[in-house]
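The structure appears below as structure tokens.
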Amino acid sequence: MAAEAGKRSYAPSENPNIVATQEKLDGNSTDGWDRCWEQGITPWDVGHAQPIIVHLLNSGTLPKGRALIPGCGSGYDVVAIASPERFVVGLDVAENAIKRAKELSASLPNANCVEFLLENFFAWKPAEQFDLIFDYTFFAAVDPSLRPAWGSKVAELLKPDGELITLISPISNHVGGPPYGVSVALYEQVLHPLGFEATLIEDNEHSIETRKGLEKLGRWKRSGK
């Protein structure tokens with residue numbers, strides 16, 4: 001799988017912040033995520049919206065309507081794509097992450113087009129489905145045993161004609177996590193049985209420097225939609 005990206009390998013054990021994250025998450029993962037945010041151990045947080053989502057926004061190819069970003073963290077991606085035509089919900093299990101997201105977004109122009117919720121993605125029952133789900137760090141953050149449940153929840157939350165956009169990262173076959181190694185094939189194993197097919201899989205040319213060659217963009221819709 002490491003060769004799938006074609007440019008570089010990924011070794012989380014060489015990143016002290018990732019090692020510290022994994023130590024915090026040993027045992028109770030919900031409390032662990034919150035402790036990471038409280039102590040500023042957030043190697044996945046780049047301090048701004050992911051460049052790829054900004055590119056998709058500027059290209060006019062993001063669905064409008066209701067959007068969901070699970071594992072939203074500081075909420076940069078949520079705020080970046082929010083508009084009067086696109087209401088965006090950010091979800092996270094870490095109270096400190098949600099607090100930070102609300103503080104960062106409160107004074108921004110589209111603050112009334114976002115909602116940040118302290119919720120468990122797998123147990124959450126919103127009143128409405130979504131036109132768009134954007135998943136970047138979430139699939140790689142959850143234990144691999146939960147990936148089928150992730151897929152089922154995506155199918156439950158997404159409208160039949162909605163779109164799932166995934167930033168497949170980090171493409172790697174390393175052992176352990178989070179982040180756990182992912183690949184296009186692992187997403188296909190989860191999504192194909194649920195009727196999802198990729199409409200686009202391509203290298204992420206807009207990766208931040210440290211992640212170049214480790215990411216692919218995937219766009220998915222249910223077959224026949």
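Residue names in the structure tokens use chain letters A, B, ... in the order shown, residue numbers from 1 in each chain, and ligand numbers from 1 in the order shown.
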Practice prompt. Give me the residues within 6 Å of stretch 113-129 of chain A as a PyMOL selection string, counting only C-alpha atoms and dropping any in the same chain fewer than 4 places off.
Written response: chain A and resi 82-83+87-93+157-159
Selection file, C-alpha atoms, as a PDB file, in the first residue's frame:
ATOM      1  CA  ALA A  82     -20.059  27.147   4.606  1.00  0.00           C
ATOM      2  CA  SER A  83     -22.264  29.611   2.762  1.00  0.00           C
ATOM      3  CA  PHE A  87     -25.110  24.664   5.758  1.00  0.00           C
ATOM      4  CA  VAL A  88     -22.264  22.681   7.319  1.00  0.00           C
ATOM      5  CA  VAL A  89     -22.295  20.590  10.488  1.00  0.00           C
ATOM      6  CA  GLY A  90     -19.008  19.782  12.227  1.00  0.00           C
ATOM      7  CA  LEU A  91     -18.978  16.790  14.552  1.00  0.00           C
ATOM      8  CA  ASP A  92     -16.373  15.769  17.132  1.00  0.00           C
ATOM      9  CA  VAL A  93     -16.150  13.714  20.328  1.00  0.00           C
ATOM     10  CA  LEU A 157     -26.598   9.930   6.885  1.00  0.00           C
ATOM     11  CA  LEU A 158     -26.160  10.631   3.176  1.00  0.00           C
ATOM     12  CA  LYS A 159     -29.102  11.320   0.888  1.00  0.00           C
TER      13      LYS A 159
END
Pull the closest atom pair for each residue of stretch 105-160 of chain A that gets at most 12 Å from stretch 187-205 of chain A, along with the distance in Å to one decimal, counting only C-alpha atoms, ordering rows by chain and then ascending residue number, as JSON lines.
{"residue": "A:Asp135", "atom": "CA", "partner": "A:Tyr187", "partner_atom": "CA", "distance": 11.4}
{"residue": "A:Phe139", "atom": "CA", "partner": "A:Tyr187", "partner_atom": "CA", "distance": 8.9}
{"residue": "A:Ala140", "atom": "CA", "partner": "A:Tyr187", "partner_atom": "CA", "distance": 10.5}
{"residue": "A:Pro144", "atom": "CA", "partner": "A:Val190", "partner_atom": "CA", "distance": 10.7}
{"residue": "A:Ser145", "atom": "CA", "partner": "A:Val190", "partner_atom": "CA", "distance": 11.1}
{"residue": "A:Leu146", "atom": "CA", "partner": "A:Val190", "partner_atom": "CA", "distance": 10.3}
{"residue": "A:Arg147", "atom": "CA", "partner": "A:Val190", "partner_atom": "CA", "distance": 6.8}
{"residue": "A:Pro148", "atom": "CA", "partner": "A:Val190", "partner_atom": "CA", "distance": 5.7}
{"residue": "A:Ala149", "atom": "CA", "partner": "A:Val190", "partner_atom": "CA", "distance": 8.9}
{"residue": "A:Trp150", "atom": "CA", "partner": "A:Val190", "partner_atom": "CA", "distance": 8.4}
{"residue": "A:Gly151", "atom": "CA", "partner": "A:Val190", "partner_atom": "CA", "distance": 5.9}
{"residue": "A:Ser152", "atom": "CA", "partner": "A:Leu194", "partner_atom": "CA", "distance": 7.4}
{"residue": "A:Lys153", "atom": "CA", "partner": "A:Leu194", "partner_atom": "CA", "distance": 10.5}
{"residue": "A:Val154", "atom": "CA", "partner": "A:Leu191", "partner_atom": "CA", "distance": 9.2}
{"residue": "A:Ala155", "atom": "CA", "partner": "A:Leu194", "partner_atom": "CA", "distance": 7.2}
{"residue": "A:Glu156", "atom": "CA", "partner": "A:Leu194", "partner_atom": "CA", "distance": 10.2}
{"residue": "A:Leu158", "atom": "CA", "partner": "A:Phe196", "partner_atom": "CA", "distance": 11.2}
{"residue": "A:Pro160", "atom": "CA", "partner": "A:Gly195", "partner_atom": "CA", "distance": 10.2}
Selection file, N, CA and C atoms, as a tab-separated table (two decimals), in the first residue's frame:
chain	number	residue	atom	x	y	z
A	135	ASP	N	-14.86	13.47	4.43
A	135	ASP	CA	-14.10	12.72	5.42
A	135	ASP	C	-12.62	12.80	5.09
A	139	PHE	N	-11.70	8.55	8.95
A	139	PHE	CA	-11.58	7.14	8.58
A	139	PHE	C	-10.25	6.58	9.08
A	140	ALA	N	-9.20	7.37	8.98
A	140	ALA	CA	-7.87	6.92	9.41
A	140	ALA	C	-7.71	6.96	10.93
A	144	PRO	N	-9.58	0.20	12.85
A	144	PRO	CA	-10.00	-0.48	11.62
A	144	PRO	C	-11.21	-1.38	11.79
A	145	SER	N	-11.43	-1.90	13.01
A	145	SER	CA	-12.61	-2.76	13.24
A	145	SER	C	-13.91	-1.99	13.10
A	146	LEU	N	-13.84	-0.65	13.17
A	146	LEU	CA	-15.04	0.18	13.07
A	146	LEU	C	-15.32	0.65	11.64
A	147	ARG	N	-14.49	0.27	10.72
A	147	ARG	CA	-14.67	0.78	9.35
A	147	ARG	C	-15.98	0.34	8.72
A	148	PRO	N	-16.42	-0.91	8.89
A	148	PRO	CA	-17.74	-1.27	8.35
A	148	PRO	C	-18.86	-0.43	8.97
A	149	ALA	N	-18.76	-0.15	10.27
A	149	ALA	CA	-19.76	0.71	10.92
A	149	ALA	C	-19.68	2.13	10.39
A	150	TRP	N	-18.48	2.59	10.08
A	150	TRP	CA	-18.30	3.91	9.45
A	150	TRP	C	-19.07	3.95	8.12
A	151	GLY	N	-18.88	2.93	7.30
A	151	GLY	CA	-19.55	2.90	6.01
A	151	GLY	C	-21.06	2.87	6.15
A	152	SER	N	-21.57	2.06	7.08
A	152	SER	CA	-23.01	1.99	7.29
A	152	SER	C	-23.58	3.31	7.75
A	153	LYS	N	-22.82	4.02	8.60
A	153	LYS	CA	-23.30	5.31	9.09
A	153	LYS	C	-23.28	6.35	7.98
A	154	VAL	N	-22.26	6.33	7.14
A	154	VAL	CA	-22.22	7.24	6.00
A	154	VAL	C	-23.44	7.01	5.12
A	155	ALA	N	-23.73	5.75	4.84
A	155	ALA	CA	-24.89	5.42	3.99
A	155	ALA	C	-26.19	5.88	4.63
A	156	GLU	N	-26.27	5.80	5.95
A	156	GLU	CA	-27.46	6.22	6.68
A	156	GLU	C	-27.63	7.74	6.65
A	158	LEU	N	-26.23	9.99	4.49
A	158	LEU	CA	-26.16	10.63	3.18
A	158	LEU	C	-27.45	10.41	2.39
A	160	PRO	N	-29.80	9.68	-0.80
A	160	PRO	CA	-29.55	8.71	-1.87
A	160	PRO	C	-28.76	9.29	-3.04
Worksheet item: How many Å lie between atom CA of A:Ser59 and atom CA of A:Thr210, rounded to one decimal?
Response: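 Computed distance, atom CA of A:Ser59 to atom CA of A:Thr210, equals 24.1 Å.
Put simply, atom CA of A:Phe134 is 23.9 Å away from atom CA of A:Gly176.
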Excluding A:Thr61 and residues on its chain fewer than 5 positions from it, collect all residues at most 12 Å away from it, counting only C-alpha atoms, and give them as a short mmCIF file (atom, residue, chain, number, x, y, z; two decimals) with N, CA and C atoms, in the first residue's frame.
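Saved as part_32.cif:
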data_model
loop_
_atom_site.label_atom_id
_atom_site.label_comp_id
_atom_site.auth_asym_id
_atom_site.auth_seq_id
_atom_site.Cartn_x
_atom_site.Cartn_y
_atom_site.Cartn_z
N ILE A 52 -7.11 21.10 -0.49
CA ILE A 52 -7.93 20.43 -1.49
C ILE A 52 -9.38 20.85 -1.39
N ILE A 53 -9.87 21.05 -0.17
CA ILE A 53 -11.28 21.43 -0.05
C ILE A 53 -11.49 22.88 -0.51
N VAL A 54 -10.48 23.71 -0.31
CA VAL A 54 -10.55 25.09 -0.83
C VAL A 54 -10.55 25.06 -2.36
N HIS A 55 -9.73 24.18 -2.93
CA HIS A 55 -9.69 24.03 -4.39
C HIS A 55 -11.04 23.57 -4.93
N LEU A 56 -11.64 22.57 -4.28
CA LEU A 56 -12.95 22.08 -4.73
C LEU A 56 -14.01 23.16 -4.61
N ILE A 81 -16.17 25.93 3.74
CA ILE A 81 -17.15 25.61 2.69
C ILE A 81 -18.55 26.09 3.03
N LEU A 132 -23.81 16.19 1.27
CA LEU A 132 -22.36 16.02 1.16
C LEU A 132 -21.80 15.59 2.50
N GLU A 163 -23.25 12.97 -2.07
CA GLU A 163 -21.88 12.62 -2.45
C GLU A 163 -21.00 12.53 -1.21
N ILE A 165 -17.10 12.63 -0.18
CA ILE A 165 -15.76 13.01 -0.64
C ILE A 165 -14.77 12.60 0.44
N ARG A 219 -14.05 10.59 -4.76
CA ARG A 219 -15.42 11.08 -4.79
C ARG A 219 -16.31 9.88 -5.08
#
Worksheet entry | Computed interatomic separation between atom CA of A:Ser105 and atom CA of A:Trp220 (Å) | 28.6 Å
Worksheet entry | Long-range neighbours of A:Ile168 as a PyMOL selection string, 7 Å cut-off, only C-alpha atoms, 3 positions minimum in chain | chain A and resi 136+171+182-184+215-218
Write the residues of the selection above to a file with all heavy atoms, as a short mmCIF file (atom, residue, chain, number, x, y, z; two decimals), in the first residue's frame.
data_model
loop_
_atom_site.label_atom_id
_atom_site.label_comp_id
_atom_site.auth_asym_id
_atom_site.auth_seq_id
_atom_site.Cartn_x
_atom_site.Cartn_y
_atom_site.Cartn_z
N TYR A 136 -11.87 13.35 6.02
CA TYR A 136 -10.42 13.43 5.82
C TYR A 136 -9.71 12.59 6.87
O TYR A 136 -9.31 11.47 6.63
CB TYR A 136 -9.95 14.88 5.84
CG TYR A 136 -8.44 15.04 5.83
CD1 TYR A 136 -7.63 14.13 5.15
CD2 TYR A 136 -7.83 16.08 6.51
CE1 TYR A 136 -6.25 14.26 5.14
CE2 TYR A 136 -6.45 16.22 6.50
CZ TYR A 136 -5.67 15.31 5.83
OH TYR A 136 -4.31 15.43 5.83
N ILE A 171 -1.75 7.11 2.94
CA ILE A 171 -1.65 5.87 2.19
C ILE A 171 -0.38 5.16 2.65
O ILE A 171 0.74 5.61 2.40
CB ILE A 171 -1.62 6.15 0.67
CG1 ILE A 171 -2.96 6.76 0.25
CG2 ILE A 171 -1.33 4.88 -0.10
CD1 ILE A 171 -3.02 7.18 -1.19
N VAL A 182 -4.17 3.64 5.34
CA VAL A 182 -5.34 3.44 4.49
C VAL A 182 -4.90 3.28 3.04
O VAL A 182 -3.74 3.48 2.69
CB VAL A 182 -6.34 4.63 4.61
CG1 VAL A 182 -6.81 4.78 6.05
CG2 VAL A 182 -5.71 5.92 4.12
N SER A 183 -5.84 2.91 2.21
CA SER A 183 -5.60 2.77 0.77
C SER A 183 -6.93 2.89 0.06
O SER A 183 -8.00 2.81 0.68
CB SER A 183 -4.96 1.41 0.46
OG SER A 183 -5.88 0.36 0.72
N VAL A 184 -6.87 3.06 -1.24
CA VAL A 184 -8.10 3.09 -2.03
C VAL A 184 -8.85 1.77 -1.86
O VAL A 184 -10.07 1.73 -1.70
CB VAL A 184 -7.79 3.35 -3.52
CG1 VAL A 184 -9.05 3.21 -4.37
CG2 VAL A 184 -7.17 4.74 -3.70
N GLU A 215 -1.52 10.98 -0.28
CA GLU A 215 -2.96 11.24 -0.29
C GLU A 215 -3.55 11.10 -1.69
O GLU A 215 -2.92 11.46 -2.68
CB GLU A 215 -3.25 12.66 0.22
CG GLU A 215 -2.78 12.93 1.63
CD GLU A 215 -3.08 14.34 2.08
OE1 GLU A 215 -3.15 15.27 1.24
OE2 GLU A 215 -3.24 14.53 3.29
N LYS A 216 -4.78 10.62 -1.71
CA LYS A 216 -5.57 10.62 -2.94
C LYS A 216 -6.95 11.20 -2.62
O LYS A 216 -7.45 11.05 -1.50
CB LYS A 216 -5.72 9.22 -3.53
CG LYS A 216 -4.44 8.66 -4.15
CD LYS A 216 -4.69 7.30 -4.76
CE LYS A 216 -3.42 6.73 -5.37
NZ LYS A 216 -3.03 7.44 -6.60
N LEU A 217 -7.52 11.84 -3.60
CA LEU A 217 -8.89 12.35 -3.49
C LEU A 217 -9.84 11.31 -4.05
O LEU A 217 -9.64 10.80 -5.15
CB LEU A 217 -9.03 13.66 -4.26
CG LEU A 217 -10.45 14.24 -4.35
CD1 LEU A 217 -10.92 14.70 -2.97
CD2 LEU A 217 -10.49 15.39 -5.34
N GLY A 218 -10.87 11.00 -3.27
CA GLY A 218 -11.90 10.08 -3.75
C GLY A 218 -13.26 10.73 -3.70
O GLY A 218 -13.59 11.39 -2.70
#
Discussion item. Please extract the residues of stretch 31-108 of chain A with a backbone DSSP assignment of strand (DSSP E) and present them as a PyMOL selection string.
Written reply: chain A and resi 65-70+86-92
Mind writing the picked residues with N, CA, C and O atoms as a PDB file, in the first residue's frame?
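Output below, filename part_28.pdb:
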ATOM      1  N   GLY A  65     -26.408  22.551  -0.269  1.00  0.00           N
ATOM      2  CA  GLY A  65     -27.383  21.936   0.626  1.00  0.00           C
ATOM      3  C   GLY A  65     -26.792  21.748   1.997  1.00  0.00           C
ATOM      4  O   GLY A  65     -26.147  22.643   2.546  1.00  0.00           O
ATOM      5  N   ARG A  66     -26.984  20.556   2.584  1.00  0.00           N
ATOM      6  CA  ARG A  66     -26.472  20.235   3.910  1.00  0.00           C
ATOM      7  C   ARG A  66     -25.205  19.396   3.794  1.00  0.00           C
ATOM      8  O   ARG A  66     -25.173  18.406   3.057  1.00  0.00           O
ATOM      9  N   ALA A  67     -24.166  19.808   4.533  1.00  0.00           N
ATOM     10  CA  ALA A  67     -22.886  19.097   4.492  1.00  0.00           C
ATOM     11  C   ALA A  67     -22.484  18.700   5.905  1.00  0.00           C
ATOM     12  O   ALA A  67     -22.826  19.375   6.877  1.00  0.00           O
ATOM     13  N   LEU A  68     -21.737  17.594   6.002  1.00  0.00           N
ATOM     14  CA  LEU A  68     -21.269  17.086   7.284  1.00  0.00           C
ATOM     15  C   LEU A  68     -19.781  16.799   7.207  1.00  0.00           C
ATOM     16  O   LEU A  68     -19.304  16.202   6.237  1.00  0.00           O
ATOM     17  N   ILE A  69     -19.056  17.215   8.253  1.00  0.00           N
ATOM     18  CA  ILE A  69     -17.640  16.870   8.380  1.00  0.00           C
ATOM     19  C   ILE A  69     -17.453  16.209   9.750  1.00  0.00           C
ATOM     20  O   ILE A  69     -17.425  16.885  10.778  1.00  0.00           O
ATOM     21  N   PRO A  70     -17.345  14.869   9.789  1.00  0.00           N
ATOM     22  CA  PRO A  70     -17.104  14.186  11.066  1.00  0.00           C
ATOM     23  C   PRO A  70     -15.641  14.317  11.469  1.00  0.00           C
ATOM     24  O   PRO A  70     -14.757  14.384  10.614  1.00  0.00           O
ATOM     25  N   ARG A  86     -24.959  26.483   1.544  1.00  0.00           N
ATOM     26  CA  ARG A  86     -24.408  25.219   2.054  1.00  0.00           C
ATOM     27  C   ARG A  86     -24.255  25.322   3.573  1.00  0.00           C
ATOM     28  O   ARG A  86     -23.329  25.944   4.078  1.00  0.00           O
ATOM     29  N   PHE A  87     -25.173  24.688   4.297  1.00  0.00           N
ATOM     30  CA  PHE A  87     -25.110  24.664   5.758  1.00  0.00           C
ATOM     31  C   PHE A  87     -24.254  23.476   6.172  1.00  0.00           C
ATOM     32  O   PHE A  87     -24.503  22.342   5.748  1.00  0.00           O
ATOM     33  N   VAL A  88     -23.251  23.719   7.008  1.00  0.00           N
ATOM     34  CA  VAL A  88     -22.264  22.681   7.319  1.00  0.00           C
ATOM     35  C   VAL A  88     -22.268  22.358   8.813  1.00  0.00           C
ATOM     36  O   VAL A  88     -22.188  23.255   9.652  1.00  0.00           O
ATOM     37  N   VAL A  89     -22.345  21.071   9.111  1.00  0.00           N
ATOM     38  CA  VAL A  89     -22.295  20.590  10.488  1.00  0.00           C
ATOM     39  C   VAL A  89     -20.933  19.956  10.734  1.00  0.00           C
ATOM     40  O   VAL A  89     -20.486  19.095   9.969  1.00  0.00           O
ATOM     41  N   GLY A  90     -20.263  20.384  11.802  1.00  0.00           N
ATOM     42  CA  GLY A  90     -19.008  19.782  12.227  1.00  0.00           C
ATOM     43  C   GLY A  90     -19.243  18.956  13.473  1.00  0.00           C
ATOM     44  O   GLY A  90     -19.869  19.419  14.421  1.00  0.00           O
ATOM     45  N   LEU A  91     -18.748  17.729  13.458  1.00  0.00           N
ATOM     46  CA  LEU A  91     -18.978  16.790  14.552  1.00  0.00           C
ATOM     47  C   LEU A  91     -17.643  16.379  15.158  1.00  0.00           C
ATOM     48  O   LEU A  91     -16.675  16.126  14.426  1.00  0.00           O
ATOM     49  N   ASP A  92     -17.584  16.279  16.488  1.00  0.00           N
ATOM     50  CA  ASP A  92     -16.373  15.769  17.132  1.00  0.00           C
ATOM     51  C   ASP A  92     -16.734  15.238  18.516  1.00  0.00           C
ATOM     52  O   ASP A  92     -17.702  15.696  19.133  1.00  0.00           O
TER      53      ASP A  92
END
